[in-house]
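*Asks:* Sharing a structure, written as structure tokens. Questions coming.
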Amino acid sequence: MARRSRRIDRALTALAVSSVLVGAALVGAGPASGAPRARTIAPGVLYSEFDISAAKGVARAHLLTVDLRDPRVRVGLLRPKAVAARATVSRLADAQRAVAGVNGDFFDITESEHPGVAATGASDGPAIADGRPLKAAVPNGQRFGPVLPPGTSTKDVLGVGTDRTARLDRLTLSGSVSTPQGRLKLGGLNQFALPQGSIGAYTSDWGSVSRRRAMCGTDSHRAAPCGKDTYEVTIRKGRIVATATRPGSGPIPAGTTVLVGREAGARTLRGLFTGERAQVQHRLVATTSRVRYSFAVGGFPVLRHGAPLSGLDATTSAVRTAVGITDGGHRLLLLALDGGPRYRGGLTVAELAGTLRKLGATDGFNLDGGGSTTIVTRTPKARAATVRNHPSKGAQRPVPNGIGVFSTP
């Protein structure tokens with residue numbers, strides 16, 4: 001077993017070395033031997049698959065290597081038309097004509113803890129598409145997904161800046177509402193859960209799903225009951241046009257913002273009246289970088305500056321999706337495990353971080369896994385994307401977003 005592990009380690013290292021050769025195809029024995037081989041999917045995009053020896057047996061990995069230095073290549077957010085909506089990765093890739101992609105952030109998948117409240121399908125963390133902020137992060141205690149590693153947050157993102165460089169960062173909402181009563185601070189933007197006592201803004205990006213879920217849970221306990229102290233204010237063209245005692249549903253027209261308040265936030269909104277002027281502004285502020293992001297997706301870090309984070313789970317094995325950053329942020333490694341019965345043992349988060357490191361990544365980011373893990377590719381002339389792994393539930397799970405790879409000839 002030790003010899004096999006060393007053989008796989010050498011194979012992974014060879015893949016990392018080979019993958020930094022721009023335009024070169026990876027070579028090696030077939031995946032059954034543990035050594036990866038790759039083929040070009042599109043200019044600047046390589047695909048390979050290989051085996052990894054792990055605590056729960058052999059895991060099969062599928063890898064996309066994306067060269068961001070190639071001007072023909074970019075990555076972006078795969079997404080449905082609304083934040084509160086879901087679709088399969090292949091459908092999202094086909095709709096946006098991506099040549100490859102993987103699933104993205106964890107999301108509000110069920111509301112069994114809140115009977116009568118619809119699951120929104122919205123993701124936990126921030127999201128930016130084509131340079132435009134779509135949503136901010138829910139409170140840590142409201143998130144779906146495994147326990148966060150110490151020191152990480154729902155605000156953590158993997159992003160690519162307008163400088164075409166990939167980074168790990170943290171995006172915080174900065175927003176306010178100017179009213180005759182003063183400036184009100186925003187606590188949320190298109191989120192399925194709002195901080196206690198806050199005011200959240202919902203735009204046309206949210207979709208038509210009810211905003212009731214935003215009143216449920218607490219900052220530390222997702223399953224806590226839904227609050228009854230709520231209020232809504234609708235703003236259009238700089239004026240308040242409607243108020244309501246309960247969060248509503250239905251599409252929000254472009255140019256309209258719905259403010260939803262809970263507890264203290266609701267009491268503040270009750271001081272506003274139809275006909276009054278109100279202006280809403282919001283943006284996502286990067287904590288560690290001043291570069292504007294063209295794309296960002298939520299998840300959590302597992303590797304920073306070449307070292308795994310402390311406190312990573314080394315016990316629970318699962319099918320996982322992750323991203324590695326290498327070559328100074330100019331190359332992305334999109335990794336998805338196979339969910340077929342033979343490989344379903346998967347990796348622990350600690351093993352995942354170690355695998356990304358062996359592949360040459362200096363930074364690593366964990367995305368949603370389990371039944372969500374999906375990786376697809378499409379040749380430029382193909383009409384539809386092909387699913388390369390076996391989703392662990394036997395079919396693709398609809399997800400709120402993903403990472404799309406785009407390449408022009």
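Every chain in the structure tokens takes a letter, A first, then B, and so on in the order presented; its residues are numbered from 1, and the ligands are numbered from 1 following the presented order.
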Can you list, as JSON, numbers by chain, every protein, DNA or RNA residue that comes within 10 Å of Tyr231 of chain A when you count only C-alpha atoms, leaving out same-chain residues fewer than 4 positions away?

*Replies:* {"A": [199, 243, 244, 245, 246, 247, 248, 259, 260, 261, 262, 263, 265, 266, 267, 268, 269, 270]}

*Asks:* Please report, as JSON, numbers by chain, each residue of segment 59-294 of chain A to which DSSP assigns strand (DSSP E or B) when run on this structure's backbone.

*Replies:* {"A": [59, 60, 61, 62, 63, 64, 65, 66, 67, 73, 74, 75, 76, 77, 78, 87, 100, 101, 102, 103, 107, 123, 127, 128, 129, 132, 133, 134, 135, 156, 157, 158, 159, 160, 161, 166, 167, 168, 169, 170, 171, 172, 173, 174, 175, 176, 177, 178, 179, 182, 183, 184, 185, 188, 189, 199, 200, 201, 202, 216, 226, 230, 231, 232, 233, 234, 235, 236, 239, 240, 241, 242, 243, 244, 256, 257, 258, 259, 260, 261, 262, 277, 279, 280, 281, 282, 283, 284, 285, 286, 293, 294]}

*Asks:* Measuring atom to atom with only C-alpha atoms, identify which of A:Arg164, A:Arg37, A:His114, A:Arg304 is nearest to Val75 of chain A.

*Replies:* A:Arg164

*Asks:* List as an MDAnalysis selection string the protein and nucleic acid residues near Gly371 of chain A, meaning an atom at most 10 Å away when only C-alpha atoms are counted, but skip any in the same chain fewer than 5 places from it.

*Replies:* chainID A and resid 318:320 339 390:399

*Asks:* Would you output that residue set with N, CA, C and O atoms, as a tab-separated table (two decimals), in the first residue's frame?

*Replies:*
chain	number	residue	atom	x	y	z
A	318	ALA	N	-16.04	11.88	1.78
A	318	ALA	CA	-17.20	12.16	0.92
A	318	ALA	C	-16.73	12.47	-0.49
A	318	ALA	O	-15.56	12.77	-0.73
A	319	VAL	N	-17.67	12.38	-1.41
A	319	VAL	CA	-17.42	12.85	-2.77
A	319	VAL	C	-17.36	14.38	-2.72
A	319	VAL	O	-18.23	15.01	-2.12
A	320	ARG	N	-16.35	14.98	-3.33
A	320	ARG	CA	-16.13	16.42	-3.17
A	320	ARG	C	-15.79	17.11	-4.49
A	320	ARG	O	-15.33	16.48	-5.44
A	339	GLY	N	-18.64	9.83	-8.19
A	339	GLY	CA	-19.58	9.30	-7.21
A	339	GLY	C	-20.07	7.91	-7.51
A	339	GLY	O	-21.03	7.44	-6.90
A	390	HIS	N	-19.57	10.28	-12.37
A	390	HIS	CA	-20.85	9.65	-12.04
A	390	HIS	C	-21.39	10.36	-10.80
A	390	HIS	O	-20.85	10.16	-9.71
A	391	PRO	N	-22.43	11.17	-10.91
A	391	PRO	CA	-23.00	11.80	-9.72
A	391	PRO	C	-23.43	10.74	-8.71
A	391	PRO	O	-23.96	9.69	-9.08
A	392	SER	N	-23.17	10.99	-7.43
A	392	SER	CA	-23.34	9.96	-6.42
A	392	SER	C	-24.79	9.56	-6.19
A	392	SER	O	-25.07	8.49	-5.63
A	393	LYS	N	-25.75	10.40	-6.60
A	393	LYS	CA	-27.16	10.05	-6.46
A	393	LYS	C	-27.73	9.41	-7.73
A	393	LYS	O	-28.93	9.17	-7.82
A	394	GLY	N	-26.86	9.14	-8.70
A	394	GLY	CA	-27.29	8.49	-9.92
A	394	GLY	C	-27.72	9.44	-11.02
A	394	GLY	O	-27.91	9.03	-12.17
A	395	ALA	N	-27.91	10.69	-10.70
A	395	ALA	CA	-28.29	11.71	-11.68
A	395	ALA	C	-27.81	13.05	-11.18
A	395	ALA	O	-27.52	13.22	-9.97
A	396	GLN	N	-27.69	14.02	-12.08
A	396	GLN	CA	-27.25	15.34	-11.67
A	396	GLN	C	-28.26	15.99	-10.72
A	396	GLN	O	-29.46	15.93	-10.95
A	397	ARG	N	-27.74	16.62	-9.68
A	397	ARG	CA	-28.59	17.39	-8.77
A	397	ARG	C	-28.63	18.84	-9.25
A	397	ARG	O	-27.58	19.43	-9.55
A	398	PRO	N	-29.81	19.44	-9.34
A	398	PRO	CA	-29.87	20.87	-9.67
A	398	PRO	C	-29.17	21.69	-8.59
A	398	PRO	O	-29.35	21.43	-7.39
A	399	VAL	N	-28.37	22.65	-9.00
A	399	VAL	CA	-27.58	23.47	-8.09
A	399	VAL	C	-27.79	24.95	-8.41
A	399	VAL	O	-28.23	25.30	-9.50

*Asks:* So, with only C-alpha atoms as the atoms that count, which of A:Ser407, A:Gln196, A:Thr165, A:Thr386 lies closest to Arg91 of chain A?

*Replies:*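 Nearest to Arg91 of chain A: A:Thr386.
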
*Asks:* Nearest residue to Pro409 of chain A out of A:Val99, A:Val280, A:Leu272, A:Ala93, using only C-alpha atoms?

*Replies:*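 Looking at the shortest contact to Pro409 of chain A, the residue is A:Val99.
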
*Asks:* From a DSSP calculation on the backbone, collect every residue of segment 101-230 of chain A in helix (DSSP H, G or I) and output the set as a list in words.

*Replies:*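 The helix (DSSP H, G or I) subset of segment 101-230 of chain A is Asn140, Gly141, Gln142, Arg212, Arg213, Ala214 and Met215 of chain A.
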
*Asks:* Give me the residues near Pro308 of chain A as a list in words, where near means some atom within 9 Å (using only C-alpha atoms) and where sequence neighbours in that chain fewer than 6 positions away do not count.

*Replies:* Pro301, Val302, Ala350, Ala353, Gly354, Arg357, Asp363 and Gly364 of chain A

*Asks:* Could the residues in this selection be written to a file with N, CA and C atoms, as an mmCIF file, in the first residue's frame?

*Replies:*
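Result file follows (selection-v2.cif):
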data_model
loop_
_atom_site.group_PDB
_atom_site.id
_atom_site.type_symbol
_atom_site.label_atom_id
_atom_site.label_comp_id
_atom_site.auth_asym_id
_atom_site.auth_seq_id
_atom_site.Cartn_x
_atom_site.Cartn_y
_atom_site.Cartn_z
ATOM 1 N N PRO A 301 -12.085 27.939 2.270
ATOM 2 C CA PRO A 301 -10.684 27.617 1.987
ATOM 3 C C PRO A 301 -10.256 26.352 2.715
ATOM 4 N N VAL A 302 -9.341 25.609 2.084
ATOM 5 C CA VAL A 302 -8.731 24.447 2.727
ATOM 6 C C VAL A 302 -7.210 24.501 2.639
ATOM 7 N N ALA A 350 -9.279 17.065 4.807
ATOM 8 C CA ALA A 350 -7.821 17.110 4.948
ATOM 9 C C ALA A 350 -7.139 16.431 3.767
ATOM 10 N N ALA A 353 -7.310 18.731 0.725
ATOM 11 C CA ALA A 353 -6.286 19.783 0.756
ATOM 12 C C ALA A 353 -4.929 19.216 0.364
ATOM 13 N N GLY A 354 -4.624 18.011 0.856
ATOM 14 C CA GLY A 354 -3.352 17.390 0.506
ATOM 15 C C GLY A 354 -3.252 17.065 -0.972
ATOM 16 N N ARG A 357 -2.586 20.206 -2.932
ATOM 17 C CA ARG A 357 -1.183 20.599 -2.737
ATOM 18 C C ARG A 357 -0.260 19.759 -3.618
ATOM 19 N N ASP A 363 -3.106 27.518 -3.123
ATOM 20 C CA ASP A 363 -4.335 27.826 -2.406
ATOM 21 C C ASP A 363 -5.414 26.868 -2.890
ATOM 22 N N GLY A 364 -6.307 26.483 -1.971
ATOM 23 C CA GLY A 364 -7.365 25.549 -2.334
ATOM 24 C C GLY A 364 -8.681 25.937 -1.704
#

*Asks:* Considering only C-alpha atoms, give me a table of residues in segment 283-394 of chain A that are at most 7 Å from segment 66-72 of chain A, with the closest atom pair and distance in Å for each, as JSON lines.

*Replies:*
{"residue": "A:His330", "atom": "CA", "partner": "A:Leu68", "partner_atom": "CA", "distance": 5.0}
{"residue": "A:Arg331", "atom": "CA", "partner": "A:Asp67", "partner_atom": "CA", "distance": 4.8}
{"residue": "A:Leu332", "atom": "CA", "partner": "A:Val66", "partner_atom": "CA", "distance": 5.1}
{"residue": "A:Leu333", "atom": "CA", "partner": "A:Val66", "partner_atom": "CA", "distance": 6.5}

*Asks:* Which neighbours of Pro150 of chain A fall inside 12 Å, counting only C-alpha atoms, when residues of the same chain fewer than 3 positions from it are skipped, and could you give them as a short mmCIF file (atom, residue, chain, number, x, y, z; two decimals) with N, CA, C and O atoms, in the first residue's frame?

*Replies:*
data_model
loop_
_atom_site.label_atom_id
_atom_site.label_comp_id
_atom_site.auth_asym_id
_atom_site.auth_seq_id
_atom_site.Cartn_x
_atom_site.Cartn_y
_atom_site.Cartn_z
N ASN A 140 -23.03 32.75 9.41
CA ASN A 140 -22.37 31.45 9.49
C ASN A 140 -23.30 30.36 10.03
O ASN A 140 -23.29 29.22 9.54
N VAL A 147 -19.20 21.50 8.69
CA VAL A 147 -18.71 22.51 9.64
C VAL A 147 -17.54 23.27 9.01
O VAL A 147 -16.64 22.68 8.41
N SER A 153 -15.34 31.60 6.96
CA SER A 153 -16.64 32.25 7.05
C SER A 153 -17.43 32.02 5.77
O SER A 153 -16.87 31.69 4.72
N THR A 154 -18.75 32.24 5.86
CA THR A 154 -19.58 32.19 4.65
C THR A 154 -19.20 33.30 3.67
O THR A 154 -19.59 33.26 2.51
N PHE A 300 -15.44 27.31 1.02
CA PHE A 300 -14.51 27.64 2.12
C PHE A 300 -13.09 27.19 1.78
O PHE A 300 -12.88 26.19 1.10
N PRO A 301 -12.08 27.94 2.27
CA PRO A 301 -10.68 27.62 1.99
C PRO A 301 -10.26 26.35 2.71
O PRO A 301 -10.72 26.05 3.82
N VAL A 302 -9.34 25.61 2.08
CA VAL A 302 -8.73 24.45 2.73
C VAL A 302 -7.21 24.50 2.64
O VAL A 302 -6.52 23.75 3.35
N PRO A 308 -2.07 23.36 4.26
CA PRO A 308 -3.47 23.10 4.63
C PRO A 308 -3.85 23.91 5.86
O PRO A 308 -3.02 24.15 6.76
N LEU A 309 -5.09 24.36 5.94
CA LEU A 309 -5.57 25.08 7.10
C LEU A 309 -5.57 24.15 8.31
O LEU A 309 -5.77 22.93 8.18
N SER A 310 -5.38 24.70 9.49
CA SER A 310 -5.45 23.90 10.70
C SER A 310 -6.91 23.55 11.00
O SER A 310 -7.82 24.30 10.66
N GLY A 311 -7.12 22.41 11.61
CA GLY A 311 -8.45 22.02 12.02
C GLY A 311 -9.30 21.42 10.92
O GLY A 311 -10.52 21.27 11.10
N LEU A 312 -8.72 21.06 9.78
CA LEU A 312 -9.51 20.44 8.71
C LEU A 312 -9.99 19.06 9.14
O LEU A 312 -9.27 18.31 9.79
N ASP A 313 -11.20 18.71 8.76
CA ASP A 313 -11.78 17.42 9.09
C ASP A 313 -10.99 16.30 8.43
O ASP A 313 -10.85 16.25 7.21
#

*Asks:* Quick one, how far is atom CA of Arg79 of chain A from atom CA of Val405 of chain A?

*Replies:*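 Distance between the two atoms: 12.7 Å.
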
*Asks:* Mind giving me the straight-line distance from atom CA of Lys155 of chain A to atom CA of Gly298 of chain A in Å, one decimal?

*Replies:* 7.1 Å

*Asks:* Between atom CA of Val285 of chain A and atom CA of Arg170 of chain A, what is the distance, to one decimal in Å?

*Replies:*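 Taking atom CA of Val285 of chain A as the start and atom CA of Arg170 of chain A as the end point, the length is 8.1 Å.
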
*Asks:* Neighbouring residues of Val177 of chain A were defined as those with any atom within 8 Å, considering only C-alpha atoms; residues of the same chain fewer than 4 positions away were excluded. Please report them as JSON, numbers by chain.

*Replies:* {"A": [183, 184, 185, 186, 278, 279, 280, 281]}

*Asks:* As number ranges by chain, please: the residues near Asp156 of chain A (cut-off 12 Å, only C-alpha atoms, same-chain neighbours under 5 positions excluded).

*Replies:* A: 105, 124-127, 136-140, 148-149, 151, 167-172, 284-288, 296-302, 364-367

*Asks:* Can you work out which one of A:Leu335, A:Ala38, A:Leu189, A:Leu347 has the shortest atom-to-atom distance to Leu173 of chain A, counting only C-alpha atoms?

*Replies:*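 Nearest candidate to Leu173 of chain A out of A:Leu335, A:Ala38, A:Leu189, A:Leu347: A:Leu189.
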
*Asks:* Name the closest residue to Ser123 of chain A among the candidates A:Gly369, A:Gly324, A:Gly104, A:Gly141; distances are taken between atoms, counting only C-alpha atoms.

*Replies:*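 Once distances to Ser123 of chain A are computed over only C-alpha atoms, the minimum belongs to A:Gly104.
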
*Asks:* Would you mind telling me which residue in A:Arg344, A:Arg86, A:His221, A:Lys381 lies nearest to Gln142 of chain A when using only C-alpha atoms?

*Replies:*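 Of A:Arg344, A:Arg86, A:His221, A:Lys381, the one nearest Gln142 of chain A is A:His221, counting only C-alpha atoms.
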